[in-house]
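File shown: query_13.txt. Contents: compact mmCIF, C-alpha atoms and all ligand atoms.
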```txt
# COMPACT_ATOMS: atom_id res chain seq x y z
CA MET P 63 0.00 0.00 0.00
CA ASN P 64 1.29 3.48 -0.82
CA THR P 65 1.79 5.79 2.14
CA PRO P 66 0.33 9.22 1.29
CA SER P 67 2.99 11.95 0.93
CA PRO P 68 2.91 14.60 3.66
CA LEU P 69 0.76 17.63 2.85
CA ARG P 70 2.40 20.70 1.38
CA GLY P 71 0.43 23.85 2.04
CA ARG P 72 1.19 27.52 1.54
CA PHE P 73 0.28 31.01 2.55
CA ALA P 74 0.58 33.35 -0.41
CA PRO P 75 0.06 36.97 0.64
CA SER P 76 0.33 39.95 -1.69
CA PRO P 77 2.53 42.55 0.06
CA SER P 78 0.26 45.49 -0.71
CA GLY P 79 -0.32 46.54 2.92
CA ARG P 80 -0.39 45.39 6.52
CA MET P 81 -2.27 42.14 7.16
CA HIS P 82 -5.65 42.24 8.91
CA LEU P 83 -7.60 39.71 10.92
CA GLY P 84 -8.91 38.02 7.74
CA ASN P 85 -5.41 37.47 6.35
CA ILE P 86 -4.11 35.92 9.54
CA PHE P 87 -7.22 33.74 9.78
CA THR P 88 -6.25 32.19 6.44
CA ALA P 89 -2.61 31.91 7.50
CA LEU P 90 -3.51 30.18 10.76
CA ILE P 91 -5.94 27.64 9.28
CA SER P 92 -3.56 26.78 6.46
CA TYR P 93 -0.73 26.36 8.99
CA LEU P 94 -2.80 24.20 11.35
CA SER P 95 -4.03 22.02 8.52
CA VAL P 96 -0.58 21.10 7.20
CA LYS P 97 1.34 21.10 10.47
CA SER P 98 -1.26 18.96 12.31
CA SER P 99 -0.65 16.30 9.69
CA GLY P 100 3.14 16.58 9.72
CA GLY P 101 3.36 18.50 6.43
CA ALA P 102 5.37 21.51 5.25
CA TRP P 103 4.11 25.11 5.28
CA ILE P 104 5.44 27.42 2.61
CA LEU P 105 5.42 31.21 2.54
CA ARG P 106 5.21 32.59 -1.00
CA ILE P 107 5.41 36.34 -1.53
CA GLU P 108 2.95 37.26 -4.30
CA ASP P 109 4.61 40.51 -5.35
CA LEU P 110 3.49 40.28 -8.98
CA ASP P 111 2.17 43.80 -9.18
CA PRO P 112 5.15 46.17 -9.03
CA GLN P 113 2.89 49.17 -8.42
CA ARG P 114 1.24 47.77 -5.28
CA SER P 115 3.95 45.53 -3.79
CA ARG P 116 6.40 46.90 -1.22
CA LEU P 117 9.34 45.14 0.38
CA GLN P 118 8.46 46.87 3.65
CA ASN P 119 5.02 45.21 3.61
CA ALA P 120 6.54 41.78 2.96
CA LEU P 121 8.88 42.30 5.92
CA MET P 122 5.91 43.21 8.13
CA ILE P 123 3.97 40.14 6.94
CA GLN P 124 6.86 37.96 8.04
CA ASP P 125 7.16 39.80 11.34
CA ASP P 126 3.41 39.43 12.02
CA LEU P 127 3.45 35.69 11.23
CA LEU P 128 6.43 35.12 13.53
CA TRP P 129 4.78 37.20 16.27
CA LEU P 130 1.83 34.78 16.11
CA GLY P 131 4.19 31.78 16.16
CA LEU P 132 3.57 30.77 12.54
CA GLN P 133 7.03 29.77 11.33
CA TRP P 134 7.25 28.66 7.71
CA ASP P 135 9.40 25.71 6.56
CA GLU P 136 10.30 27.11 3.14
CA GLY P 137 10.15 30.39 1.31
CA GLY P 138 9.81 33.95 2.51
CA LEU P 139 12.01 36.86 1.56
CA ASP P 140 15.26 35.00 2.06
CA ASP P 141 14.05 32.54 -0.55
CA ALA P 142 15.13 29.46 1.41
CA GLY P 143 14.21 26.01 0.14
CA PRO P 144 14.33 23.56 -2.75
CA CYS P 145 11.60 25.27 -4.81
CA ALA P 146 13.12 28.79 -4.90
CA PRO P 147 12.28 31.38 -6.04
CA TYR P 148 9.45 31.91 -3.55
CA ARG P 149 8.95 35.55 -4.60
CA GLN P 150 6.84 35.97 -7.70
CA SER P 151 8.81 39.03 -8.79
CA LEU P 152 11.76 36.68 -9.41
CA CYS P 153 9.81 34.22 -11.57
CA ASP P 154 9.45 36.02 -14.89
CA HIS P 155 11.25 33.30 -16.88
CA ILE P 156 9.17 30.55 -15.24
CA TYR P 157 5.84 32.17 -16.22
CA ALA P 158 7.21 32.86 -19.71
CA ASP P 159 7.99 29.13 -20.12
CA ALA P 160 4.47 28.17 -19.07
CA LEU P 161 2.98 30.66 -21.53
CA THR P 162 5.21 29.24 -24.28
CA THR P 163 3.90 25.76 -23.47
CA ILE P 164 0.30 26.92 -23.86
CA THR P 165 1.21 28.81 -27.05
CA HIS P 166 2.80 25.71 -28.59
CA THR P 167 0.33 23.09 -27.45
CA THR P 168 -2.98 24.90 -28.05
CA SER P 169 -4.53 27.50 -30.36
CA LEU P 170 -6.36 29.12 -27.49
CA LEU P 171 -4.40 32.35 -26.93
CA TYR P 172 -5.19 35.59 -28.66
CA PRO P 173 -4.11 39.23 -28.33
CA CYS P 174 -6.64 41.52 -26.68
CA PHE P 175 -6.59 45.29 -27.15
CA CYS P 176 -9.54 46.09 -24.88
CA THR P 177 -8.81 48.56 -22.11
CA ARG P 178 -10.57 48.47 -18.76
CA ALA P 179 -12.49 51.57 -19.84
CA ASP P 180 -13.65 49.75 -23.03
CA LEU P 181 -14.92 46.87 -20.94
CA MET P 182 -16.66 49.13 -18.44
CA ALA P 183 -18.40 50.89 -21.34
CA SER P 184 -19.39 47.63 -23.06
CA ASN P 185 -22.30 46.73 -20.76
CA ALA P 186 -20.74 43.30 -20.37
CA PRO P 187 -22.33 41.22 -17.60
CA HIS P 188 -20.58 40.96 -14.24
CA GLN P 189 -19.77 38.06 -11.96
CA SER P 190 -21.26 38.02 -8.49
CA ASP P 191 -17.94 39.40 -7.15
CA GLY P 192 -18.13 42.35 -9.54
CA ARG P 193 -15.62 41.14 -12.13
CA ILE P 194 -16.59 41.75 -15.74
CA ILE P 195 -17.39 38.67 -17.84
CA TYR P 196 -15.31 39.25 -20.98
CA PRO P 197 -17.73 39.86 -23.88
CA GLY P 198 -15.37 38.40 -26.50
CA THR P 199 -14.59 41.65 -28.36
CA CYS P 200 -11.13 40.53 -29.57
CA ARG P 201 -11.84 36.77 -29.66
CA PRO P 202 -11.19 35.23 -33.11
CA PRO P 203 -14.22 33.31 -34.47
CA GLN P 204 -12.22 30.05 -34.40
CA PRO P 205 -9.20 29.00 -32.31
CA ARG P 206 -6.02 29.78 -34.23
CA PRO P 207 -2.27 29.62 -33.60
CA TRP P 208 -0.82 32.62 -31.75
CA VAL P 209 0.39 35.49 -33.93
CA THR P 210 2.45 38.22 -32.24
CA PRO P 211 0.48 41.47 -32.58
CA PRO P 212 1.95 44.68 -34.04
CA ARG P 213 1.35 46.69 -30.83
CA PRO P 214 1.25 45.84 -27.13
CA ALA P 215 -1.74 43.69 -26.24
CA ALA P 216 -2.90 41.58 -23.35
CA ILE P 217 -2.75 37.81 -23.90
CA ARG P 218 -6.17 36.28 -23.38
CA LEU P 219 -7.12 32.61 -23.06
CA ARG P 220 -10.18 31.19 -24.77
CA VAL P 221 -12.30 29.19 -22.32
CA PRO P 222 -14.51 26.17 -23.05
CA ASP P 223 -18.31 26.16 -22.77
CA ARG P 224 -18.44 23.25 -20.33
CA ILE P 225 -18.78 22.62 -16.63
CA ILE P 226 -15.64 22.34 -14.52
CA SER P 227 -16.26 20.68 -11.15
CA PHE P 228 -14.24 20.08 -8.03
CA THR P 229 -14.84 19.17 -4.41
CA ASP P 230 -13.86 21.87 -1.99
CA THR P 231 -12.81 20.67 1.47
CA VAL P 232 -15.10 23.24 3.13
CA PHE P 233 -17.82 24.01 0.55
CA GLY P 234 -18.20 20.50 -0.95
CA PRO P 235 -19.04 20.08 -4.66
CA VAL P 236 -18.55 23.27 -6.71
CA SER P 237 -19.24 23.61 -10.46
CA SER P 238 -18.64 26.43 -12.86
CA ASN P 239 -18.90 27.05 -16.59
CA LEU P 240 -16.08 29.42 -17.50
CA ALA P 241 -17.83 30.59 -20.68
CA THR P 242 -20.79 31.98 -18.74
CA ASP P 243 -19.24 32.62 -15.31
CA CYS P 244 -16.00 34.29 -16.31
CA GLY P 245 -15.37 34.51 -20.06
CA ASP P 246 -11.94 34.39 -21.70
CA PHE P 247 -9.36 35.61 -19.20
CA ILE P 248 -6.00 37.33 -19.27
CA LEU P 249 -2.69 35.52 -18.69
CA ARG P 250 -0.45 38.50 -19.30
CA ARG P 251 -1.36 42.17 -19.25
CA ALA P 252 -0.49 44.55 -22.09
CA ASP P 253 2.14 46.17 -19.83
CA GLY P 254 3.86 42.79 -19.46
CA ALA P 255 2.66 42.02 -15.90
CA TRP P 256 1.72 38.38 -15.34
CA ALA P 257 -1.82 37.59 -14.30
CA TYR P 258 -2.44 36.09 -10.87
CA GLN P 259 -4.26 33.08 -12.40
CA LEU P 260 -1.24 31.93 -14.40
CA ALA P 261 1.34 32.69 -11.71
CA VAL P 262 -0.57 30.95 -8.92
CA VAL P 263 -1.00 27.73 -10.92
CA VAL P 264 2.60 27.61 -12.09
CA ASP P 265 3.92 28.31 -8.59
CA ASP P 266 1.61 25.95 -6.72
CA ALA P 267 2.57 23.19 -9.17
CA ARG P 268 6.34 23.76 -9.08
CA MET P 269 6.28 24.02 -5.27
CA HIS P 270 4.36 20.68 -5.18
CA ILE P 271 1.58 22.27 -3.16
CA SER P 272 -1.01 19.59 -2.39
CA GLN P 273 -3.46 21.75 -0.40
CA VAL P 274 -4.49 25.34 -1.14
CA VAL P 275 -6.24 27.12 1.73
CA ARG P 276 -7.48 30.65 1.01
CA GLY P 277 -10.46 32.96 1.34
CA ALA P 278 -13.79 32.22 -0.32
CA ASP P 279 -13.31 35.36 -2.45
CA LEU P 280 -11.12 33.11 -4.64
CA LEU P 281 -13.66 30.30 -4.98
CA LEU P 282 -14.70 31.63 -8.41
CA SER P 283 -11.08 31.66 -9.56
CA THR P 284 -10.61 27.97 -8.90
CA ALA P 285 -12.28 26.80 -12.13
CA GLN P 286 -9.97 29.13 -14.10
CA GLN P 287 -7.01 27.62 -12.32
CA LEU P 288 -8.20 24.03 -12.87
CA TYR P 289 -8.49 24.80 -16.59
CA LEU P 290 -4.86 26.00 -16.58
CA TYR P 291 -3.76 22.85 -14.73
CA GLN P 292 -5.38 20.84 -17.55
CA LEU P 293 -3.73 22.85 -20.31
CA LEU P 294 -0.31 22.64 -18.65
CA ARG P 295 -0.84 18.94 -17.81
CA LEU P 296 -0.08 19.54 -14.15
CA PRO P 297 -1.75 17.78 -11.19
CA PRO P 298 -4.03 20.18 -9.26
CA PRO P 299 -3.95 20.47 -5.46
CA ARG P 300 -6.99 20.08 -3.21
CA PHE P 301 -8.72 23.37 -2.44
CA ALA P 302 -10.19 24.56 0.86
CA HIS P 303 -11.88 27.96 0.78
CA LEU P 304 -12.53 29.72 4.07
CA PRO P 305 -15.50 31.94 4.94
CA LEU P 306 -14.55 35.62 4.75
CA ILE P 307 -14.37 37.53 7.99
CA CYS P 308 -16.60 40.60 7.84
CA ASN P 309 -16.89 43.55 10.20
CA SER P 310 -20.02 43.93 12.31
CA ARG P 311 -21.67 45.88 9.45
CA GLY P 312 -21.27 42.76 7.26
CA GLN P 313 -18.56 44.28 5.03
CA ARG P 314 -15.45 42.37 4.01
CA LEU P 315 -12.39 43.52 5.93
CA SER P 316 -10.23 45.95 4.06
CA LYS P 317 -7.36 48.32 4.74
CA ARG P 318 -10.00 50.79 5.96
CA ASP P 319 -10.75 48.65 9.02
CA SER P 320 -7.63 49.93 10.73
CA SER P 321 -8.72 48.64 14.15
CA LEU P 322 -8.48 45.11 12.74
CA SER P 323 -5.04 45.53 11.17
CA MET P 324 -2.12 43.72 12.73
CA GLN P 325 -0.66 47.05 13.70
CA ALA P 326 -3.61 47.78 16.02
CA LEU P 327 -4.16 44.18 17.11
CA ARG P 328 -0.55 43.79 18.24
CA GLN P 329 -0.87 46.86 20.45
CA SER P 330 -3.97 45.67 22.26
CA HIS P 331 -3.61 41.86 22.39
CA THR P 332 -1.11 39.10 23.05
CA PRO P 333 -0.44 36.48 20.35
CA GLN P 334 -2.33 33.88 22.43
CA GLN P 335 -5.38 36.15 22.65
CA ILE P 336 -5.41 36.62 18.88
CA LEU P 337 -4.92 32.89 18.27
CA GLY P 338 -7.84 32.19 20.62
CA ILE P 339 -10.09 34.68 18.80
CA LEU P 340 -9.21 33.20 15.41
CA ALA P 341 -9.74 29.65 16.66
CA TYR P 342 -13.11 30.65 18.12
CA LEU P 343 -14.16 32.25 14.81
CA ALA P 344 -13.14 29.07 13.00
CA GLY P 345 -15.23 26.94 15.36
CA LEU P 346 -12.23 25.15 16.87
CA ILE P 347 -12.88 26.30 20.45
CA PRO P 348 -16.19 27.22 22.14
CA ARG P 349 -15.03 30.55 23.63
CA PRO P 350 -12.53 33.20 22.48
CA SER P 351 -10.10 32.38 25.29
CA PRO P 352 -6.29 32.55 24.82
CA ALA P 353 -4.80 29.56 23.03
CA THR P 354 -1.37 28.34 22.00
CA ILE P 355 -0.24 26.85 18.70
CA PRO P 356 0.36 23.37 20.22
CA GLN P 357 -3.18 23.39 21.69
CA LEU P 358 -4.70 24.36 18.37
CA LEU P 359 -2.64 21.79 16.48
CA SER P 360 -4.10 19.06 18.66
CA LEU P 361 -7.67 20.38 18.14
CA PHE P 362 -7.58 21.06 14.41
CA SER P 363 -10.06 19.27 12.16
CA TRP P 364 -11.64 20.40 8.89
CA ASP P 365 -14.96 18.96 10.12
CA ARG P 366 -15.22 21.83 12.60
CA ILE P 367 -15.09 24.54 9.91
CA THR P 368 -18.65 25.26 8.88
CA PRO P 369 -19.28 26.12 5.22
CA ARG P 370 -20.68 29.64 5.13
CA ASP P 371 -19.80 32.62 2.98
CA THR P 372 -18.94 34.97 5.81
CA ILE P 373 -18.15 35.11 9.50
CA ILE P 374 -19.52 38.33 11.02
CA LEU P 375 -17.32 39.65 13.81
CA PRO P 376 -19.32 40.10 17.02
CA ASP P 377 -19.12 43.75 18.10
CA ASN P 378 -17.26 43.29 21.37
CA LEU P 379 -14.95 40.43 20.39
CA LEU P 380 -11.81 42.52 20.03
CA SER P 381 -12.48 45.23 22.58
N1 LIG K 1 -2.08 36.55 -3.23
C1 LIG K 1 -3.47 36.33 -3.02
C2 LIG K 1 -4.00 37.29 -1.99
O1 LIG K 1 -3.23 37.83 -1.20
C3 LIG K 1 -3.79 34.93 -2.54
C4 LIG K 1 -3.73 33.95 -3.62
C5 LIG K 1 -4.08 32.52 -3.26
O2 LIG K 1 -4.06 32.17 -2.07
O3 LIG K 1 -4.33 31.77 -4.19
O4 LIG K 1 -5.19 37.51 -1.95
```
Spell out the structure here as structure tokens.
Amino acid sequence: MNTPSPLRGRFAPSPSGRMHLGNIFTALISYLSVKSSGGAWILRIEDLDPQRSRLQNALMIQDDLLWLGLQWDEGGLDDAGPCAPYRQSLCDHIYADALTTITHTTSLLYPCFCTRADLMASNAPHQSDGRIIYPGTCRPPQPRPWVTPPRPAAIRLRVPDRIISFTDTVFGPVSSNLATDCGDFILRRADGAWAYQLAVVVDDARMHISQVVRGADLLLSTAQQLYLYQLLRLPPPRFAHLPLICNSRGQRLSKRDSSLSMQALRQSHTPQQILGILAYLAGLIPRPSPATIPQLLSLFSWDRITPRDTIILPDNLLS
């Protein structure tokens, strides 16, 4: 009988600001899931967007994780481990190779000259999360081999009109038809920046990630990513999407909720208090009392995480 390989999980923050309670919720659950089963936890810095990513933010992310006691086994800014680079800004050549593979093995890529303003003006339908479903303006009538365009263009991927299904560890069976739910999507922007969807698939595959834990805001992206796994002939990981933590007004946490940023939380709480609050929100403990990492490791089970879209923060939980 084959013994299953140990889990490999990751936390993949974008260093565009200080983490908030929602970010560390994802980090903690991903950590507990892999470490309670003896696996490896990887920190990947998703600094794809040069305009929004700051080294200072990545340093603070690391500092906040260590303050909570979440030590990664591979990755981070010092790029330590067998699957380096762990910083997306260093992976240009790796994404270029993946794009070349898709260019050579399919006729599904085409140049797209639409600007965001064009798409906003096109009355194209939107996804439930507000993203525009691409109306197909630049899509050739039939798939055809890639031809380099005469002026800068985004590279868009034609999607199939069929259902893509997977079983999410938290949400159970999930199905999506990319043609109606998303439309053809971008792999590389006209300014040369790589799209998250391509980078995340290439990196999760080359880092041998077997379990992706992240917020439910990325549930809709999973079908896009599974399609890329198919085209690149790479084995997909298992996915576990977590309910999003919302403030007491029911809004998703954002940089505006400064009282829930790690900067504020570290001034008013100990790491054990924050761990206890996160574990309580996840359903791992019955009261928000202080907890340690070893205690939570012994308690962790996916069965305790209830599938729901959001977790509303009770008003007095952090006061
Ligand atoms: N970098 C993404 C974010 O910070 C997460 C991507 C993922 O976990 O797949 O939202």
Return as a PyMOL selection string every polymer residue, whether protein, DNA or RNA, with at least one atom no more than 7 Å from an atom of ligand LIG 1 (chain K); count only C-alpha atoms and all ligand atoms.
chain P and resi 73-76+108+262+274-276+280
Rounded to one decimal place, report the CA of Tyr172 in chain P-CA of Asp154 in chain P distance in Å.
20.1 Å
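You can rank P:Leu260, P:Leu127, P:Ile107, P:Ile226 by their closest distance to Asn85 in chain P using only C-alpha atoms, and at the top of that list sits P:Leu127.
The residue set within 6 Å of range 284-299 of chain P, counting only C-alpha atoms and dropping same-chain residues fewer than 2 places from it, reads Ser272, Gln273, Leu281 and Leu282 of chain P.
All residues that come within 12 Å of the coordinates (5.1, 33.1, -22.5), counting all atoms listed in the file, are given as Cys153, Asp154, His155, Ile156, Tyr157, Ala158, Asp159, Ala160, Leu161, Thr162, Thr163, Ile164, Thr165, His166, Leu171, Trp208, Thr210, Ala216, Ile217, Arg218, Leu249, Arg250, Arg251, Gly254, Ala255, Trp256, Ala257, Leu260 and Ala261 of chain P.
With distances restricted to all atoms listed in the file, P:Ala278 is the closest residue to Val236 in chain P from P:Ala215, P:Ala278, P:Ile336, P:Val221.
Checking P:Ser321, P:Thr167, P:Ser92, P:Thr231 one by one against Leu69 in chain P, counting only C-alpha atoms, you find the shortest gap at P:Ser92.
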note - CA of Ala102 in chain P and CA of Gly137 in chain P are separated by 10.8 Å
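Minimum atom-to-atom distances from P:Leu110, P:Ile123, P:Pro207, P:Arg224 to Gln259 in chain P were compared using all atoms listed in the file, and the lowest value belongs to P:Leu110.
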Pull the closest atom pair for each residue of range 283-337 of chain P that gets at most 12 Å from range 362-373 of chain P, along with the distance in Å to one decimal, counting only C-alpha atoms, ordering rows by chain and then ascending residue number, as JSON lines.
```
{"residue": "P:Ala302", "atom": "CA", "partner": "P:Trp364", "partner_atom": "CA", "distance": 9.2}
{"residue": "P:His303", "atom": "CA", "partner": "P:Pro369", "partner_atom": "CA", "distance": 8.8}
{"residue": "P:Leu304", "atom": "CA", "partner": "P:Pro369", "partner_atom": "CA", "distance": 7.7}
{"residue": "P:Pro305", "atom": "CA", "partner": "P:Thr372", "partner_atom": "CA", "distance": 4.7}
{"residue": "P:Leu306", "atom": "CA", "partner": "P:Thr372", "partner_atom": "CA", "distance": 4.6}
{"residue": "P:Ile307", "atom": "CA", "partner": "P:Ile373", "partner_atom": "CA", "distance": 4.7}
{"residue": "P:Cys308", "atom": "CA", "partner": "P:Ile373", "partner_atom": "CA", "distance": 5.9}
{"residue": "P:Asn309", "atom": "CA", "partner": "P:Ile373", "partner_atom": "CA", "distance": 8.6}
{"residue": "P:Ser310", "atom": "CA", "partner": "P:Ile373", "partner_atom": "CA", "distance": 9.4}
{"residue": "P:Arg311", "atom": "CA", "partner": "P:Ile373", "partner_atom": "CA", "distance": 11.3}
{"residue": "P:Gly312", "atom": "CA", "partner": "P:Thr372", "partner_atom": "CA", "distance": 8.3}
{"residue": "P:Gln313", "atom": "CA", "partner": "P:Thr372", "partner_atom": "CA", "distance": 9.4}
{"residue": "P:Arg314", "atom": "CA", "partner": "P:Thr372", "partner_atom": "CA", "distance": 8.4}
{"residue": "P:Leu315", "atom": "CA", "partner": "P:Thr372", "partner_atom": "CA", "distance": 10.8}
```
